[in-house]
$ cat start_8.cif   # mmCIF, C-alpha atoms and all ligand atoms
data_input
#
loop_
_atom_site.label_atom_id
_atom_site.label_comp_id
_atom_site.auth_asym_id
_atom_site.auth_seq_id
_atom_site.Cartn_x
_atom_site.Cartn_y
_atom_site.Cartn_z
CA MET A 1 53.86 77.95 45.89
CA SER A 2 50.22 79.00 45.84
CA VAL A 3 48.20 77.96 42.79
CA LEU A 4 45.46 80.44 43.57
CA PRO A 5 45.39 83.86 41.91
CA PRO A 6 46.04 86.81 44.22
CA VAL A 7 43.05 88.50 45.85
CA ARG A 8 41.96 91.60 43.93
CA ARG A 9 42.41 94.85 45.81
CA ASP A 10 38.68 95.57 45.56
CA ARG A 11 37.81 92.28 47.27
CA ILE A 12 39.40 93.16 50.60
CA ILE A 13 37.00 93.28 53.53
CA ALA A 14 38.24 94.92 56.72
CA GLN A 15 34.90 95.71 58.40
CA LEU A 16 31.65 93.81 58.65
CA PRO A 17 29.35 95.04 55.86
CA GLN A 18 25.97 95.96 57.31
CA TYR A 19 22.60 94.35 56.60
CA PHE A 20 20.20 95.89 54.10
CA ARG A 21 17.10 95.94 56.33
CA LYS A 22 17.23 95.47 60.05
CA GLU A 23 13.85 93.67 60.08
CA ALA A 24 15.22 90.87 57.89
CA ALA A 25 18.91 90.40 58.70
CA LEU A 26 20.77 87.22 59.62
CA HIS A 27 22.28 89.26 62.41
CA THR A 28 22.40 92.92 63.27
CA LYS A 29 25.78 93.23 64.96
CA GLU A 30 27.87 96.16 63.86
CA ASP A 31 31.18 94.39 63.79
CA PHE A 32 32.66 90.93 63.32
CA ASN A 33 32.44 88.64 66.32
CA ASN A 34 35.29 89.41 68.75
CA LYS A 35 36.45 85.80 68.80
CA VAL A 36 36.69 85.90 65.03
CA LYS A 37 38.67 89.16 65.05
CA THR A 38 41.11 87.82 67.64
CA ALA A 39 41.53 84.53 65.80
CA CYS A 40 42.34 86.42 62.60
CA GLN A 41 44.83 88.69 64.36
CA GLU A 42 46.52 85.68 65.92
CA GLN A 43 46.37 83.70 62.68
CA ARG A 44 44.32 80.97 64.33
CA THR A 45 41.81 80.47 61.53
CA GLY A 46 42.85 76.90 60.76
CA THR A 47 41.76 75.74 57.33
CA VAL A 48 39.39 78.64 56.61
CA GLY A 49 41.90 80.26 54.26
CA PHE A 50 41.87 77.14 52.09
CA LYS A 51 38.14 76.55 52.11
CA ILE A 52 35.64 77.34 49.42
CA SER A 53 32.14 78.25 50.54
CA LYS A 54 29.41 77.30 48.16
CA VAL A 55 26.72 79.83 47.31
CA ILE A 56 23.88 78.38 45.30
CA VAL A 57 21.71 80.85 43.43
CA VAL A 58 18.27 79.49 42.75
CA GLY A 59 14.98 80.91 41.56
CA ASP A 60 12.53 81.03 38.70
CA LEU A 61 13.63 81.57 35.10
CA ALA A 62 14.65 85.05 33.98
CA VAL A 63 14.50 86.58 37.47
CA GLY A 64 18.07 87.79 36.99
CA LYS A 65 20.34 85.22 38.63
CA THR A 66 23.01 85.18 35.92
CA CYS A 67 22.99 88.96 35.56
CA LEU A 68 23.49 89.39 39.29
CA ILE A 69 26.54 87.13 39.29
CA ASN A 70 27.92 88.73 36.11
CA ARG A 71 27.52 92.23 37.50
CA PHE A 72 29.54 91.31 40.55
CA CYS A 73 32.17 89.04 39.00
CA LYS A 74 32.66 90.76 35.63
CA ASP A 75 31.08 94.16 36.14
CA ALA A 76 29.00 93.44 33.03
CA PHE A 77 25.30 93.54 32.20
CA ASP A 78 23.55 91.98 29.20
CA LYS A 79 20.02 93.12 28.47
CA ASN A 80 19.39 90.10 26.23
CA TYR A 81 18.10 87.03 27.98
CA LYS A 82 20.17 83.88 27.53
CA ALA A 83 18.81 81.04 29.60
CA THR A 84 21.34 79.19 31.71
CA ILE A 85 21.58 75.55 30.70
CA GLY A 86 22.08 73.25 33.67
CA VAL A 87 24.47 75.11 35.94
CA ASP A 88 27.44 77.50 35.67
CA PHE A 89 29.79 78.65 38.33
CA GLU A 90 32.19 81.46 39.16
CA MET A 91 34.88 81.66 41.81
CA GLU A 92 35.42 84.84 43.78
CA ARG A 93 38.34 85.29 46.10
CA PHE A 94 38.19 87.69 49.02
CA GLU A 95 40.44 88.68 51.84
CA VAL A 96 38.50 89.05 55.07
CA LEU A 97 40.28 90.46 58.14
CA GLY A 98 43.57 89.58 56.44
CA VAL A 99 42.59 85.95 55.72
CA PRO A 100 41.98 84.69 52.16
CA PHE A 101 38.50 83.32 51.63
CA SER A 102 36.80 81.93 48.51
CA LEU A 103 33.21 81.79 47.42
CA GLN A 104 32.06 79.53 44.65
CA LEU A 105 28.91 80.98 43.11
CA TRP A 106 26.65 78.35 41.53
CA ASP A 107 24.32 79.81 38.95
CA THR A 108 21.50 77.33 38.40
CA ALA A 109 18.97 77.25 35.57
CA GLY A 110 15.47 78.44 36.37
CA GLN A 111 13.76 76.62 33.54
CA GLU A 112 11.60 73.74 34.70
CA ARG A 113 13.28 71.23 32.36
CA PHE A 114 16.65 71.79 34.07
CA LYS A 115 15.29 71.58 37.56
CA CYS A 116 16.38 68.01 38.15
CA ILE A 117 19.97 68.93 37.19
CA ALA A 118 20.02 71.92 39.50
CA SER A 119 18.66 69.92 42.38
CA THR A 120 21.64 67.55 42.29
CA TYR A 121 23.84 70.54 43.04
CA TYR A 122 21.88 71.47 46.13
CA ARG A 123 22.93 68.19 47.62
CA GLY A 124 25.42 68.53 50.42
CA ALA A 125 25.97 72.24 49.95
CA GLN A 126 27.38 72.30 53.44
CA ALA A 127 29.21 68.98 53.19
CA GLY A 128 32.89 68.58 53.87
CA GLY A 129 32.98 71.48 56.28
CA PHE A 130 31.83 74.05 53.73
CA GLU A 131 28.95 76.27 54.55
CA GLY A 132 26.03 76.28 52.18
CA PHE A 133 24.43 79.57 51.30
CA PHE A 134 21.38 79.71 49.13
CA VAL A 135 20.37 82.89 47.46
CA PHE A 136 16.74 83.08 46.48
CA LEU A 137 15.29 85.45 44.04
CA PRO A 138 11.74 86.70 44.09
CA PHE A 139 9.06 85.82 44.73
CA SER A 140 6.40 83.78 43.01
CA VAL A 141 7.83 80.32 43.31
CA CYS A 142 10.35 81.09 46.00
CA ARG A 143 8.76 78.72 48.46
CA GLN A 144 8.96 75.83 46.02
CA TRP A 145 12.66 76.45 45.37
CA LEU A 146 13.30 76.71 49.03
CA GLU A 147 11.52 73.48 49.73
CA ASP A 148 13.48 71.62 47.02
CA ALA A 149 16.81 73.04 48.10
CA LEU A 150 16.34 72.36 51.77
CA LYS A 151 15.21 68.81 51.10
CA GLU A 152 18.80 68.09 50.10
CA ASN A 153 20.44 69.85 53.04
CA ASP A 154 20.28 70.15 56.76
CA PRO A 155 18.16 73.30 57.09
CA THR A 156 19.99 74.28 60.26
CA ALA A 157 23.32 74.36 58.43
CA VAL A 158 22.52 76.75 55.61
CA GLN A 159 21.94 80.45 55.59
CA LEU A 160 19.43 82.02 53.30
CA PHE A 161 19.36 85.29 51.45
CA LEU A 162 16.24 86.47 49.72
CA VAL A 163 17.16 88.83 46.91
CA GLY A 164 14.77 91.15 45.17
CA THR A 165 16.22 91.74 41.69
CA LYS A 166 15.57 94.40 39.03
CA LYS A 167 15.03 97.15 41.55
CA ASP A 168 15.45 99.67 38.72
CA LEU A 169 12.17 98.53 37.12
CA SER A 170 9.93 99.61 40.00
CA SER A 171 8.76 103.09 40.84
CA PRO A 172 9.35 104.09 44.48
CA ALA A 173 5.69 103.36 45.28
CA GLN A 174 5.75 99.93 43.63
CA TYR A 175 9.05 99.16 45.25
CA SER A 176 7.81 99.98 48.70
CA GLN A 177 4.89 97.55 48.29
CA ILE A 178 7.24 94.85 46.96
CA GLU A 179 9.56 95.39 49.88
CA GLN A 180 6.81 95.03 52.45
CA ASP A 181 5.84 91.64 51.04
CA ALA A 182 9.47 90.59 50.69
CA LEU A 183 10.28 91.48 54.28
CA LYS A 184 7.38 89.37 55.50
CA LEU A 185 8.53 86.40 53.46
CA ALA A 186 12.16 86.84 54.51
CA GLN A 187 11.16 86.87 58.17
CA GLU A 188 9.04 83.78 57.70
CA ILE A 189 11.83 81.76 56.09
CA ARG A 190 14.54 83.36 58.26
CA ALA A 191 16.42 84.80 55.33
CA GLU A 192 18.30 88.05 55.02
CA TYR A 193 16.61 90.34 52.51
CA TRP A 194 18.36 92.45 49.87
CA ALA A 195 17.11 94.45 46.91
CA VAL A 196 19.53 94.90 44.02
CA SER A 197 19.74 96.05 40.44
CA SER A 198 22.21 94.37 38.11
CA LEU A 199 21.46 97.01 35.49
CA THR A 200 22.61 99.93 37.64
CA GLY A 201 24.78 97.89 40.01
CA GLU A 202 22.85 99.20 43.04
CA ASN A 203 23.65 97.15 46.17
CA VAL A 204 25.30 94.33 44.20
CA ARG A 205 28.76 94.70 45.66
CA GLU A 206 27.36 95.40 49.15
CA PHE A 207 25.26 92.25 48.94
CA PHE A 208 28.11 89.92 47.93
CA PHE A 209 30.44 91.46 50.50
CA ARG A 210 27.84 90.76 53.15
CA VAL A 211 27.44 87.15 51.97
CA ALA A 212 31.22 86.63 51.93
CA SER A 213 31.59 88.17 55.39
CA LEU A 214 28.85 86.12 57.02
CA ALA A 215 30.16 82.96 55.37
CA PHE A 216 33.64 83.77 56.60
CA GLU A 217 32.46 84.53 60.14
CA THR A 218 30.49 81.29 60.31
CA ASN A 219 33.46 79.29 59.05
CA VAL A 220 35.90 80.81 61.53
CA LEU A 221 33.50 80.23 64.43
CA ALA A 222 33.09 76.62 63.34
CA GLU A 223 36.88 76.24 63.19
CA LEU A 224 37.26 77.70 66.67
CA GLU A 225 34.58 75.43 68.04
CA LYS A 226 36.20 72.45 66.42
CA SER A 227 39.63 73.27 67.72
CA GLY A 228 37.97 73.56 71.14
CA SER A 229 40.44 73.06 73.91
CA ARG A 230 43.37 72.58 71.57
CA GLN A 231 46.32 74.89 71.91
CA ILE A 232 46.98 77.90 69.74
CA GLY A 233 49.24 76.82 66.91
CA ASP A 234 47.59 73.47 66.21
CA VAL A 235 47.38 73.06 62.48
CA VAL A 236 45.16 70.02 61.97
CA ARG A 237 41.57 71.17 62.11
CA ILE A 238 39.40 69.28 59.65
CA ASN A 239 36.04 67.55 59.21
CA SER A 240 33.63 69.73 61.12
CA THR A 241 30.29 70.77 59.77
CA SER A 242 29.28 72.65 62.88
CA ASN A 243 27.68 76.04 62.53
CA ASN A 244 27.37 78.03 65.67
CA MET A 245 26.86 81.52 64.45
CA TYR A 246 23.70 81.88 66.45
CA PRO A 247 24.24 80.24 69.79
CA GLY A 248 20.97 79.21 71.36
CA SER A 249 19.16 79.12 68.03
CA LYS A 250 19.16 75.42 67.28
CA LYS A 251 16.64 75.43 64.45
CA LYS A 252 17.07 78.37 62.16
CA HIS A 253 14.46 77.72 59.52
CA PRO A 254 11.47 76.33 61.25
CA ASN A 255 8.65 74.97 59.09
CA CYS A 256 9.46 77.43 56.37
CA CYS A 257 8.12 75.53 53.41
CA GLN A 258 4.61 74.63 54.40
N1 LIG B 301 16.06 96.09 34.07
C1 LIG B 301 16.72 95.03 34.54
N2 LIG B 301 16.76 93.88 33.84
C2 LIG B 301 17.43 92.84 34.37
C3 LIG B 301 18.10 92.93 35.61
N3 LIG B 301 18.66 91.74 35.87
C4 LIG B 301 18.37 90.95 34.82
N4 LIG B 301 17.63 91.60 33.91
C5 LIG B 301 17.13 91.06 32.64
O1 LIG B 301 16.31 89.93 32.88
C6 LIG B 301 16.52 88.92 31.90
C7 LIG B 301 16.88 87.63 32.57
O2 LIG B 301 18.10 87.73 33.26
P1 LIG B 301 19.02 86.45 33.61
O3 LIG B 301 20.03 86.93 34.59
O4 LIG B 301 19.51 85.81 32.39
O5 LIG B 301 17.95 85.50 34.32
P2 LIG B 301 18.20 84.08 35.02
O6 LIG B 301 17.50 84.12 36.33
O7 LIG B 301 19.64 83.75 35.02
O8 LIG B 301 17.40 83.09 34.04
P3 LIG B 301 17.64 81.49 33.86
O9 LIG B 301 19.08 81.27 33.54
O10 LIG B 301 16.73 81.05 32.74
O11 LIG B 301 17.22 80.82 35.12
C8 LIG B 301 17.59 89.45 30.95
O12 LIG B 301 16.98 89.98 29.80
C9 LIG B 301 18.27 90.54 31.75
O13 LIG B 301 18.82 91.56 30.95
C10 LIG B 301 18.05 94.18 36.32
O14 LIG B 301 18.60 94.37 37.42
N5 LIG B 301 17.34 95.19 35.74
MG MG B 302 20.70 82.28 34.17
#
$ encode --input "start_8.cif" --output "structure tokens"
Amino acid sequence: MSVLPPVRRDRIIAQLPQYFRKEAALHTKEDFNNKVKTACQEQRTGTVGFKISKVIVVGDLAVGKTCLINRFCKDAFDKNYKATIGVDFEMERFEVLGVPFSLQLWDTAGQERFKCIASTYYRGAQAGGFEGFFVFLPFSVCRQWLEDALKENDPTAVQLFLVGTKKDLSSPAQYSQIEQDALKLAQEIRAEYWAVSSLTGENVREFFFRVASLAFETNVLAELEKSGSRQIGDVVRINSTSNNMYPGSKKKHPNCCQ
């Protein structure tokens, strides 16, 4: 008997959600990788359905990390600021191409005095076969957060999202300037860029669906690589940390924190 709650009907992903800006996307393909689609159809996704991918949300204090997670997970928004102490987390269950898939969203504290606590959670974000996804929020100290987070992880094994929060607060002219700078930074650190508003909900669901889908795709590809020449139907596929979403791109985040 499964101990996990059923997947909510509004967490079902049947098509690859598209990037926000083509100039700063982790990839620009229109659909899930064919190998991934076939593996899902043939129920050859190994342990992916039992895995939990870790998403660590980091960034300066009061940039809107908690509100972003609460908007997605609870469809709630609080205009009063309550600083996160240490770290919180939420679980979100999805069904991607018919396969259950879980994301664990780690909401870290931005305040300097909690930084040492948060940094212990960066450690081994991709360990044990899980993929580590860091979500960065703008923009002032982004590089410092990135540097700290990547110190604890193999930079080639994590995927980065750079999220511009509080989109509702900018006029179209201000926003367009912010976006230009953000796109440059995202390209430099090889992150996928998104702009969201937790107040209005703009792009929040699209963003998390994209994160879940790319995490899922990466996990299935890693499973397939691991199972290698084994026959369809093998059930024991454990202990790989490989990430081959971008064949030929060995180092995905070159010198990003200088
Ligand atoms: N207008 C607007 N305000 C927002 C938005 N997101 C967050 N805020 C406000 O910004 C403040 C900080 O939001 P939090 O989500 O608590 O910030 P945080 O990054 O979690 O802060 P720490 O936990 O201290 O690291 C709160 O007063 C929120 O109401 C948004 O999309 N639009
Ligand atoms: Mg918070």
$ residues_near_ligand --input "start_8.cif" --ligand "ligand LIG 301 (chain B)" --cutoff "7 Å" --atoms "only C-alpha atoms and all ligand atoms" --output "ChimeraX atom specification"
/A:59-68,77-85,108-111,165-169,196-200
$ write_last_selection --input "start_8.cif" --atoms "C-alpha atoms" --output "short mmCIF file (atom, residue, chain, number, x, y, z; two decimals), in the frame of the given file"
data_model
loop_
_atom_site.label_atom_id
_atom_site.label_comp_id
_atom_site.auth_asym_id
_atom_site.auth_seq_id
_atom_site.Cartn_x
_atom_site.Cartn_y
_atom_site.Cartn_z
CA GLY A 59 14.98 80.91 41.56
CA ASP A 60 12.53 81.03 38.70
CA LEU A 61 13.63 81.57 35.10
CA ALA A 62 14.65 85.05 33.98
CA VAL A 63 14.50 86.58 37.47
CA GLY A 64 18.07 87.79 36.99
CA LYS A 65 20.34 85.22 38.63
CA THR A 66 23.01 85.18 35.92
CA CYS A 67 22.99 88.96 35.56
CA LEU A 68 23.49 89.39 39.29
CA PHE A 77 25.30 93.54 32.20
CA ASP A 78 23.55 91.98 29.20
CA LYS A 79 20.02 93.12 28.47
CA ASN A 80 19.39 90.10 26.23
CA TYR A 81 18.10 87.03 27.98
CA LYS A 82 20.17 83.88 27.53
CA ALA A 83 18.81 81.04 29.60
CA THR A 84 21.34 79.19 31.71
CA ILE A 85 21.58 75.55 30.70
CA THR A 108 21.50 77.33 38.40
CA ALA A 109 18.97 77.25 35.57
CA GLY A 110 15.47 78.44 36.37
CA GLN A 111 13.76 76.62 33.54
CA THR A 165 16.22 91.74 41.69
CA LYS A 166 15.57 94.40 39.03
CA LYS A 167 15.03 97.15 41.55
CA ASP A 168 15.45 99.67 38.72
CA LEU A 169 12.17 98.53 37.12
CA VAL A 196 19.53 94.90 44.02
CA SER A 197 19.74 96.05 40.44
CA SER A 198 22.21 94.37 38.11
CA LEU A 199 21.46 97.01 35.49
CA THR A 200 22.61 99.93 37.64
#
$ atom_distance --input "start_8.cif" --atom1 "CA of Pro172 in chain A" --atom2 "CA of Arg71 in chain A"
22.8 Å
$ closest_residue --input "start_8.cif" --among "A:Asn70, A:Ser176, A:Ser102, A:Thr45" --to "Glu223 in chain A" --atoms "only C-alpha atoms"
A:Thr45
$ closest_residue --input "start_8.cif" --among "A:Asp107, A:Asp75, A:Glu30, A:Glu42" --to "ligand MG 302 (chain B)" --atoms "only C-alpha atoms and all ligand atoms"
A:Asp107
$ closest_residue --input "start_8.cif" --among "A:Asp31, A:Glu179, A:Glu206, A:Asp88" --to "ligand MG 302 (chain B)" --atoms "all atoms listed in the file"
A:Asp88
$ closest_residue --input "start_8.cif" --among "A:Phe32, A:Phe209, A:Phe72, A:Phe89" --to "Ile56 in chain A" --atoms "all atoms listed in the file"
A:Phe89
$ closest_residue --input "start_8.cif" --among "A:Asp10, A:Gly201, A:Cys40, A:Asp181" --to "Glu217 in chain A" --atoms "all atoms listed in the file"
A:Cys40
